[in-house]
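S.K.: Got a file for you: work25.pdb, PDB, C-alpha atoms.
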```
ATOM      1  CA  MET A   1     -47.769  -5.041 -18.515
ATOM      2  CA  ALA A   2     -49.895  -5.360 -15.371
ATOM      3  CA  PRO A   3     -48.614  -3.412 -12.346
ATOM      4  CA  GLY A   4     -47.828  -6.592 -10.386
ATOM      5  CA  ALA A   5     -45.951  -8.182 -13.270
ATOM      6  CA  ARG A   6     -44.054  -4.949 -13.891
ATOM      7  CA  LEU A   7     -42.982  -4.823 -10.223
ATOM      8  CA  LEU A   8     -41.695  -8.405 -10.385
ATOM      9  CA  PHE A   9     -39.830  -7.619 -13.608
ATOM     10  CA  LEU A  10     -38.134  -4.558 -12.100
ATOM     11  CA  LEU A  11     -37.228  -6.531  -8.980
ATOM     12  CA  ALA A  12     -35.632  -9.251 -11.103
ATOM     13  CA  VAL A  13     -33.617  -6.693 -13.086
ATOM     14  CA  TRP A  14     -32.419  -5.018  -9.868
ATOM     15  CA  THR A  15     -31.415  -8.393  -8.377
ATOM     16  CA  LEU A  16     -29.418  -9.389 -11.460
ATOM     17  CA  ALA A  17     -27.672  -6.033 -11.505
ATOM     18  CA  ALA A  18     -26.773  -6.365  -7.821
ATOM     19  CA  LEU A  19     -25.385  -9.855  -8.374
ATOM     20  CA  ALA A  20     -23.339  -8.605 -11.303
ATOM     21  CA  ARG A  21     -21.886  -5.803  -9.221
ATOM     22  CA  HIS A  22     -21.068  -8.226  -6.397
ATOM     23  CA  GLY A  23     -19.350 -10.614  -8.773
ATOM     24  CA  ALA A  24     -17.355  -7.825 -10.346
ATOM     25  CA  GLY A  25     -16.167  -6.694  -6.939
ATOM     26  CA  LYS A  26     -14.956 -10.163  -6.043
ATOM     27  CA  ALA A  27     -12.965 -10.404  -9.277
ATOM     28  CA  GLY A  28     -11.630  -6.868  -8.929
ATOM     29  CA  ASP A  29     -10.077  -7.374  -5.507
ATOM     30  CA  GLY A  30      -8.166 -10.515  -6.469
ATOM     31  CA  GLY A  31      -9.958 -12.488  -3.772
ATOM     32  CA  TRP A  32      -8.145 -10.616  -0.996
ATOM     33  CA  GLN A  33     -11.202  -9.071   0.678
ATOM     34  CA  ARG A  34     -12.454 -11.988   2.782
ATOM     35  CA  PRO A  35     -15.591 -12.348   4.927
ATOM     36  CA  GLY A  36     -14.957 -11.760   8.609
ATOM     37  CA  PRO A  37     -14.541  -8.960  11.152
ATOM     38  CA  GLY A  38     -14.768  -5.527   9.606
ATOM     39  CA  ALA A  39     -11.944  -3.052   9.271
ATOM     40  CA  PRO A  40     -11.524  -0.335  11.929
ATOM     41  CA  ALA A  41     -13.942   2.559  11.611
ATOM     42  CA  ALA A  42     -11.100   5.094  11.282
ATOM     43  CA  LEU A  43     -10.155   3.845   7.827
ATOM     44  CA  ALA A  44     -11.017   6.430   5.207
ATOM     45  CA  GLU A  45      -9.352   8.322   2.426
ATOM     46  CA  GLU A  46      -8.151  11.856   3.026
ATOM     47  CA  HIS A  47     -10.540  14.685   2.081
ATOM     48  CA  ARG A  48      -8.208  15.985  -0.605
ATOM     49  CA  CYS A  49      -5.026  14.512  -2.035
ATOM     50  CA  ALA A  50      -2.201  16.984  -1.410
ATOM     51  CA  VAL A  51       0.339  15.190  -3.601
ATOM     52  CA  GLU A  52       0.459  16.332  -7.203
ATOM     53  CA  ARG A  53      -0.648  13.795  -9.829
ATOM     54  CA  ARG A  54       1.105  13.762 -13.206
ATOM     55  CA  GLY A  55       0.150  11.667 -16.194
ATOM     56  CA  ASP A  56       2.395  13.388 -18.732
ATOM     57  CA  LEU A  57       5.696  13.675 -16.933
ATOM     58  CA  SER A  58       8.953  13.505 -18.877
ATOM     59  CA  TYR A  59      12.159  12.272 -17.282
ATOM     60  CA  SER A  60      13.736  15.728 -17.410
ATOM     61  CA  GLU A  61      10.702  17.218 -15.629
ATOM     62  CA  PHE A  62      10.836  14.452 -13.034
ATOM     63  CA  VAL A  63      14.493  15.179 -12.239
ATOM     64  CA  GLN A  64      14.078  18.965 -12.293
ATOM     65  CA  HIS A  65      10.879  19.296 -10.253
ATOM     66  CA  TYR A  66      10.414  16.175  -8.090
ATOM     67  CA  ALA A  67      13.315  13.734  -7.796
ATOM     68  CA  PHE A  68      15.141  15.674  -5.069
ATOM     69  CA  SER A  69      12.455  17.974  -3.715
ATOM     70  CA  ARG A  70       8.905  16.624  -3.351
ATOM     71  CA  PRO A  71       6.677  13.572  -3.795
ATOM     72  CA  VAL A  72       4.618  13.043  -6.923
ATOM     73  CA  ILE A  73       2.075  10.488  -8.109
ATOM     74  CA  LEU A  74       2.853   9.147 -11.572
ATOM     75  CA  GLN A  75       0.009   7.936 -13.759
ATOM     76  CA  GLY A  76      -0.049   5.844 -16.904
ATOM     77  CA  LEU A  77       3.682   5.079 -17.105
ATOM     78  CA  THR A  78       3.478   1.276 -16.981
ATOM     79  CA  ASP A  79       0.974  -1.532 -17.538
ATOM     80  CA  ASN A  80       1.147  -4.131 -14.772
ATOM     81  CA  SER A  81      -2.101  -5.942 -15.553
ATOM     82  CA  ARG A  82      -0.207  -9.238 -16.034
ATOM     83  CA  PHE A  83       1.577  -8.849 -12.688
ATOM     84  CA  ARG A  84      -1.736  -7.926 -11.052
ATOM     85  CA  ALA A  85      -3.372 -11.129 -12.347
ATOM     86  CA  LEU A  86      -0.504 -13.194 -10.906
ATOM     87  CA  CYS A  87      -0.984 -11.521  -7.511
ATOM     88  CA  SER A  88      -4.513 -12.766  -6.890
ATOM     89  CA  ARG A  89      -4.953 -14.654  -3.630
ATOM     90  CA  GLU A  90      -5.583 -17.940  -5.408
ATOM     91  CA  ARG A  91      -2.562 -17.697  -7.698
ATOM     92  CA  LEU A  92      -0.093 -16.554  -5.056
ATOM     93  CA  LEU A  93      -1.156 -19.362  -2.718
ATOM     94  CA  ALA A  94      -0.835 -21.885  -5.543
ATOM     95  CA  SER A  95       2.655 -20.644  -6.458
ATOM     96  CA  PHE A  96       4.124 -19.722  -3.076
ATOM     97  CA  GLY A  97       1.901 -21.225  -0.376
ATOM     98  CA  ASP A  98       4.678 -23.478   0.948
ATOM     99  CA  SER A  99       7.381 -20.827   0.700
ATOM    100  CA  VAL A 100       8.701 -19.460   3.975
ATOM    101  CA  VAL A 101       8.345 -15.694   4.285
ATOM    102  CA  ARG A 102       9.885 -13.354   6.842
ATOM    103  CA  LEU A 103       7.532 -11.045   8.721
ATOM    104  CA  SER A 104       8.594  -7.810  10.417
ATOM    105  CA  THR A 105       6.957  -6.007  13.291
ATOM    106  CA  ALA A 106       5.023  -2.916  12.185
ATOM    107  CA  ASN A 107       6.964  -0.395  14.218
ATOM    108  CA  THR A 108       9.468   2.218  13.095
ATOM    109  CA  TYR A 109      12.558   0.071  13.611
ATOM    110  CA  SER A 110      11.126  -3.408  12.813
ATOM    111  CA  TYR A 111      13.173  -5.132  15.506
ATOM    112  CA  ARG A 112      11.548  -8.567  15.517
ATOM    113  CA  LYS A 113      11.472 -11.002  12.587
ATOM    114  CA  VAL A 114       9.306 -14.125  12.319
ATOM    115  CA  ASP A 115       9.561 -16.831   9.641
ATOM    116  CA  LEU A 116       6.551 -18.930   8.647
ATOM    117  CA  PRO A 117       4.928 -20.417   5.534
ATOM    118  CA  PHE A 118       3.241 -17.888   3.272
ATOM    119  CA  GLN A 119      -0.057 -19.834   3.371
ATOM    120  CA  GLU A 120      -0.113 -19.693   7.172
ATOM    121  CA  TYR A 121       0.384 -15.925   7.080
ATOM    122  CA  VAL A 122      -2.410 -15.423   4.534
ATOM    123  CA  GLU A 123      -4.922 -17.714   6.223
ATOM    124  CA  HIS A 124      -4.254 -16.940   9.898
ATOM    125  CA  LEU A 125      -2.557 -13.541  10.271
ATOM    126  CA  LEU A 126      -3.990 -11.433   7.455
ATOM    127  CA  TYR A 127      -6.818  -9.754   9.340
ATOM    128  CA  PRO A 128      -7.821  -6.144  10.131
ATOM    129  CA  GLN A 129      -5.564  -4.277  12.515
ATOM    130  CA  ASP A 130      -6.578  -4.145  16.169
ATOM    131  CA  PRO A 131      -6.432  -0.407  17.007
ATOM    132  CA  THR A 132      -5.153  -1.204  20.520
ATOM    133  CA  SER A 133      -2.199  -3.348  19.396
ATOM    134  CA  LEU A 134       1.320  -1.953  19.560
ATOM    135  CA  GLY A 135       3.601  -2.004  16.562
ATOM    136  CA  ASN A 136       5.888  -4.705  17.972
ATOM    137  CA  ASP A 137       2.855  -6.994  18.393
ATOM    138  CA  THR A 138       1.783  -6.604  14.756
ATOM    139  CA  LEU A 139       3.431  -8.812  12.114
ATOM    140  CA  TYR A 140       3.666  -7.457   8.595
ATOM    141  CA  PHE A 141       4.877  -9.055   5.346
ATOM    142  CA  PHE A 142       6.955  -6.501   3.483
ATOM    143  CA  GLY A 143      10.539  -6.102   2.409
ATOM    144  CA  ASP A 144      12.252  -9.321   3.469
ATOM    145  CA  ASN A 145      11.645 -11.140   0.194
ATOM    146  CA  ASN A 146      13.653 -14.107  -1.066
ATOM    147  CA  PHE A 147      14.339 -12.745  -4.536
ATOM    148  CA  SER A 148      15.463 -16.031  -6.053
ATOM    149  CA  GLU A 149      12.384 -17.846  -4.741
ATOM    150  CA  TRP A 150       9.994 -15.106  -5.902
ATOM    151  CA  ALA A 151      11.825 -14.348  -9.164
ATOM    152  CA  SER A 152       9.124 -16.028 -11.271
ATOM    153  CA  LEU A 153       6.693 -13.368 -10.018
ATOM    154  CA  PHE A 154       8.970 -10.319 -10.006
ATOM    155  CA  GLN A 155      10.035 -10.884 -13.622
ATOM    156  CA  HIS A 156       6.520  -9.853 -14.680
ATOM    157  CA  TYR A 157       6.619  -6.507 -12.857
ATOM    158  CA  SER A 158       7.321  -3.347 -14.843
ATOM    159  CA  PRO A 159       8.825  -0.688 -12.555
ATOM    160  CA  PRO A 160       8.518   3.020 -13.278
ATOM    161  CA  PRO A 161      10.899   3.972 -16.112
ATOM    162  CA  PHE A 162      12.583   6.752 -14.097
ATOM    163  CA  SER A 163      15.823   6.216 -12.199
ATOM    164  CA  LEU A 164      18.400   8.369 -10.421
ATOM    165  CA  LEU A 165      22.052   8.556 -11.419
ATOM    166  CA  GLY A 166      24.238   6.303  -9.294
ATOM    167  CA  THR A 167      21.400   4.224  -7.832
ATOM    168  CA  THR A 168      20.231   0.660  -8.360
ATOM    169  CA  ALA A 169      16.649  -0.551  -7.981
ATOM    170  CA  ALA A 170      15.524  -3.194  -5.470
ATOM    171  CA  TYR A 171      11.988  -4.539  -5.062
ATOM    172  CA  SER A 172      10.102  -4.979  -1.804
ATOM    173  CA  PHE A 173       6.824  -6.884  -2.110
ATOM    174  CA  GLY A 174       4.148  -6.977   0.568
ATOM    175  CA  ILE A 175       0.661  -8.067   1.579
ATOM    176  CA  ALA A 176      -1.081  -6.711   4.669
ATOM    177  CA  GLY A 177      -4.511  -6.467   6.291
ATOM    178  CA  ALA A 178      -6.818  -3.470   6.527
ATOM    179  CA  GLY A 179      -5.663  -0.959   9.124
ATOM    180  CA  SER A 180      -2.063  -2.175   9.057
ATOM    181  CA  GLY A 181       0.867  -0.060   7.999
ATOM    182  CA  VAL A 182       4.279   1.201   8.989
ATOM    183  CA  PRO A 183       4.639   4.263  11.259
ATOM    184  CA  PHE A 184       6.847   7.219  10.395
ATOM    185  CA  HIS A 185      10.352   6.456   9.173
ATOM    186  CA  TRP A 186      12.685   7.581   6.404
ATOM    187  CA  HIS A 187      15.234   6.093   4.021
ATOM    188  CA  GLY A 188      16.373   6.586   0.444
ATOM    189  CA  PRO A 189      14.117   7.496  -2.488
ATOM    190  CA  GLY A 190      11.700   5.088  -4.106
ATOM    191  CA  PHE A 191       8.424   4.297  -5.798
ATOM    192  CA  SER A 192       5.393   2.507  -4.357
ATOM    193  CA  GLU A 193       2.584   0.867  -6.322
ATOM    194  CA  VAL A 194      -0.609  -0.747  -4.983
ATOM    195  CA  ILE A 195      -1.622  -3.901  -6.862
ATOM    196  CA  TYR A 196      -4.820  -4.624  -4.889
ATOM    197  CA  GLY A 197      -6.485  -2.480  -2.234
ATOM    198  CA  ARG A 198      -5.728   1.122  -1.212
ATOM    199  CA  LYS A 199      -2.829   2.647   0.725
ATOM    200  CA  ARG A 200      -3.034   6.030   2.444
ATOM    201  CA  TRP A 201       0.233   7.956   2.710
ATOM    202  CA  PHE A 202       1.365  10.621   5.190
ATOM    203  CA  LEU A 203       4.560  12.502   4.246
ATOM    204  CA  TYR A 204       6.767  15.191   5.812
ATOM    205  CA  PRO A 205       9.910  16.800   4.351
ATOM    206  CA  PRO A 206      13.252  15.902   5.997
ATOM    207  CA  GLU A 207      13.436  19.106   8.024
ATOM    208  CA  LYS A 208       9.998  18.577   9.612
ATOM    209  CA  THR A 209      10.162  15.641  12.051
ATOM    210  CA  PRO A 210       6.663  14.329  12.821
ATOM    211  CA  ASP A 211       5.396  13.864  16.370
ATOM    212  CA  PHE A 212       4.857  10.120  16.790
ATOM    213  CA  HIS A 213       5.657   7.145  19.021
ATOM    214  CA  PRO A 214       7.867   4.594  17.193
ATOM    215  CA  ASN A 215       6.013   1.629  18.733
ATOM    216  CA  LYS A 216       2.484   2.852  18.025
ATOM    217  CA  THR A 217       0.846   1.871  14.774
ATOM    218  CA  THR A 218      -0.114   4.322  12.056
ATOM    219  CA  LEU A 219      -3.755   3.587  12.871
ATOM    220  CA  ALA A 220      -3.229   4.616  16.514
ATOM    221  CA  TRP A 221      -1.426   7.790  15.377
ATOM    222  CA  LEU A 222      -4.303   8.622  13.017
ATOM    223  CA  GLN A 223      -6.887   8.165  15.779
ATOM    224  CA  ASP A 224      -5.008   9.820  18.640
ATOM    225  CA  MET A 225      -2.475  12.321  17.305
ATOM    226  CA  TYR A 226      -3.715  13.409  13.894
ATOM    227  CA  PRO A 227      -6.895  15.177  15.146
ATOM    228  CA  THR A 228      -4.773  17.365  17.474
ATOM    229  CA  LEU A 229      -2.543  18.695  14.685
ATOM    230  CA  ALA A 230      -2.947  22.275  13.526
ATOM    231  CA  PRO A 231      -3.561  22.542   9.768
ATOM    232  CA  SER A 232      -0.021  23.859   9.276
ATOM    233  CA  ALA A 233       1.406  20.829  11.108
ATOM    234  CA  ARG A 234      -0.397  18.207   9.066
ATOM    235  CA  PRO A 235       1.491  16.051   6.573
ATOM    236  CA  LEU A 236       1.062  15.810   2.853
ATOM    237  CA  GLU A 237      -1.536  13.083   2.324
ATOM    238  CA  CYS A 238      -2.876  10.984  -0.486
ATOM    239  CA  THR A 239      -4.452   7.582  -1.035
ATOM    240  CA  VAL A 240      -2.868   5.479  -3.756
ATOM    241  CA  GLN A 241      -5.420   3.317  -5.531
ATOM    242  CA  ALA A 242      -4.785  -0.133  -6.976
ATOM    243  CA  GLY A 243      -3.567  -0.338 -10.520
ATOM    244  CA  GLU A 244      -3.778   3.332 -11.446
ATOM    245  CA  GLN A 245      -0.787   5.211 -10.112
ATOM    246  CA  VAL A 246       2.673   5.046  -8.520
ATOM    247  CA  LEU A 247       3.832   7.301  -5.676
ATOM    248  CA  TYR A 248       7.401   8.595  -5.678
ATOM    249  CA  PHE A 249       9.010   9.804  -2.433
ATOM    250  CA  PRO A 250      12.404  11.599  -2.374
ATOM    251  CA  ASP A 251      15.409  10.796  -0.217
ATOM    252  CA  ARG A 252      14.966  11.173   3.567
ATOM    253  CA  TRP A 253      11.315  12.184   3.425
ATOM    254  CA  TRP A 254       9.422  11.005   6.511
ATOM    255  CA  HIS A 255       6.473   8.788   5.611
ATOM    256  CA  ALA A 256       3.907   6.544   7.255
ATOM    257  CA  THR A 257       1.449   4.249   5.506
ATOM    258  CA  LEU A 258      -1.998   2.878   6.278
ATOM    259  CA  ASN A 259      -3.634   0.098   4.271
ATOM    260  CA  LEU A 260      -7.326   0.939   3.927
ATOM    261  CA  ASP A 261      -8.139  -2.564   2.653
ATOM    262  CA  THR A 262      -6.313  -5.862   2.609
ATOM    263  CA  SER A 263      -3.642  -4.724   0.176
ATOM    264  CA  VAL A 264      -0.989  -6.148  -2.125
ATOM    265  CA  PHE A 265       1.786  -3.702  -2.977
ATOM    266  CA  ILE A 266       5.337  -3.397  -4.278
ATOM    267  CA  SER A 267       8.002  -0.756  -3.783
ATOM    268  CA  THR A 268      11.027  -0.029  -5.924
ATOM    269  CA  PHE A 269      13.784   1.395  -3.702
ATOM    270  CA  LEU A 270      16.628   3.361  -5.292
ATOM    271  CA  SER A 271      19.899   2.955  -3.407
TER
END
```
Can you give me the file's structure in the form of structure tokens?

M.R.:
Amino acid sequence: MAPGARLLFLLAVWTLAALARHGAGKAGDGGWQRPGPGAPAALAEEHRCAVERRGDLSYSEFVQHYAFSRPVILQGLTDNSRFRALCSRERLLASFGDSVVRLSTANTYSYRKVDLPFQEYVEHLLYPQDPTSLGNDTLYFFGDNNFSEWASLFQHYSPPPFSLLGTTAAYSFGIAGAGSGVPFHWHGPGFSEVIYGRKRWFLYPPEKTPDFHPNKTTLAWLQDMYPTLAPSARPLECTVQAGEQVLYFPDRWWHATLNLDTSVFISTFLS
């Protein structure tokens, strides 16, 4: 092959490969990563996940070593590929676009609630977090789900098979833009799974109250407070990836979250 023809051939192969990768990315994110303003520069995964990952955990080991004492990331326990397919942007808008959803403010106490159609939230409010916005100015779809209205979706979700004696499970489903999240708070134990996107977690045990402002976003805390922390004062951290793992947090553990991409996620609270 002549040098010129060979160069054109290699260029064509490279172009096709690039197009294939681009197409795969679009399919892999469920259509949630939209063109527009970029995410804040501070968004990145932690250098090293400090939460133990277990892919072979029995229920007895879970209760003995983690359920009441420390977080753990569970791998390979369930297959939610069907649920994931139903949570694409196109399919959720087709099924629930006219449904009214309740948004909470992204501060520790979530004082303010706003009701609006799901399609309006997705098309007009689902954008990267402004690092200068306060928590009570940031609306976030998570937790206030109408279970009867969304039952056709939730019936396809397979929660982790582990439970705690005397508790019942309740789902909280959410969708939020890159850079959004909930600042430090605590409640009962639960599991959290990312369906699309990535969610970075910051966790402290109950006896170690983090230094934070309840009306500043997690992104602001990460930019302003986190760099000043001594290594011994830093939280446990890990980024939960879509479709590969579930994070468990015990009762009363402080935690804050930061969505690194536009993310779809579901929590199973045990109460």

S.K.: Go through the shown structure with the PyMOL selection byres ((chain A and resi 139) around 12) and write out the matching residues as a count of residues only.

M.R.: 40

S.K.: Can you work out which one of A:Ser95, A:Ser192, A:Ser69, A:Thr209 has the shortest atom-to-atom distance to Asp251 (chain A), counting all atoms listed in the file?

M.R.: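 Of A:Ser95, A:Ser192, A:Ser69, A:Thr209, the one nearest Asp251 (chain A) is A:Ser69, counting all atoms listed in the file.
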
S.K.: Could you check which of A:Tyr66, A:Tyr157, A:Tyr204, A:Tyr171 is closest to Phe83 (chain A), using only C-alpha atoms?

M.R.: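 Of A:Tyr66, A:Tyr157, A:Tyr204, A:Tyr171, the one nearest Phe83 (chain A) is A:Tyr157, counting only C-alpha atoms.
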
S.K.: When you look at Arg53 (chain A) with a cut-off of 12 Å (counting all atoms listed in the file), what residues show up, excluding the ones that are within fewer than 5 positions of it in the same chain? I need them as a VMD selection string.

M.R.: chain A and resid 62 66 70 to 76 238 to 240 244 to 248

S.K.: Run the PyMOL selection byres ((chain A and resi 183) around 9) mentally over the shown coordinates, then write out the matched residues as a PDB file with C-alpha atoms, keeping the file's coordinate frame, using the chain letters and numbers from the document.

M.R.:
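For reference, out.pdb as written:
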```pdb
ATOM      1  CA  ALA A 106       5.023  -2.916  12.185  1.00  0.00           C
ATOM      2  CA  ASN A 107       6.964  -0.395  14.218  1.00  0.00           C
ATOM      3  CA  THR A 108       9.468   2.218  13.095  1.00  0.00           C
ATOM      4  CA  GLY A 135       3.601  -2.004  16.562  1.00  0.00           C
ATOM      5  CA  GLY A 181       0.867  -0.060   7.999  1.00  0.00           C
ATOM      6  CA  VAL A 182       4.279   1.201   8.989  1.00  0.00           C
ATOM      7  CA  PHE A 184       6.847   7.219  10.395  1.00  0.00           C
ATOM      8  CA  HIS A 185      10.352   6.456   9.173  1.00  0.00           C
ATOM      9  CA  PHE A 212       4.857  10.120  16.790  1.00  0.00           C
ATOM     10  CA  HIS A 213       5.657   7.145  19.021  1.00  0.00           C
ATOM     11  CA  PRO A 214       7.867   4.594  17.193  1.00  0.00           C
ATOM     12  CA  ASN A 215       6.013   1.629  18.733  1.00  0.00           C
ATOM     13  CA  LYS A 216       2.484   2.852  18.025  1.00  0.00           C
ATOM     14  CA  THR A 217       0.846   1.871  14.774  1.00  0.00           C
ATOM     15  CA  THR A 218      -0.114   4.322  12.056  1.00  0.00           C
ATOM     16  CA  LEU A 219      -3.755   3.587  12.871  1.00  0.00           C
ATOM     17  CA  TRP A 221      -1.426   7.790  15.377  1.00  0.00           C
ATOM     18  CA  HIS A 255       6.473   8.788   5.611  1.00  0.00           C
ATOM     19  CA  ALA A 256       3.907   6.544   7.255  1.00  0.00           C
ATOM     20  CA  THR A 257       1.449   4.249   5.506  1.00  0.00           C
ATOM     21  CA  LEU A 258      -1.998   2.878   6.278  1.00  0.00           C
TER      22      LEU A 258
END
```

S.K.: Can you turn the PyMOL selection byres ((chain A and resi 164-166) around 8) into a concrete residue list for this file, as a PyMOL selection string?

M.R.: chain A and resi 67+162-163+167-168+270

S.K.: Go ahead and compute the interatomic distance for CA of Asp98 (chain A) and CA of Glu120 (chain A), in Å to one decimal.

M.R.: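 CA of Glu120 (chain A) lies at a distance of 8.7 Å from CA of Asp98 (chain A).
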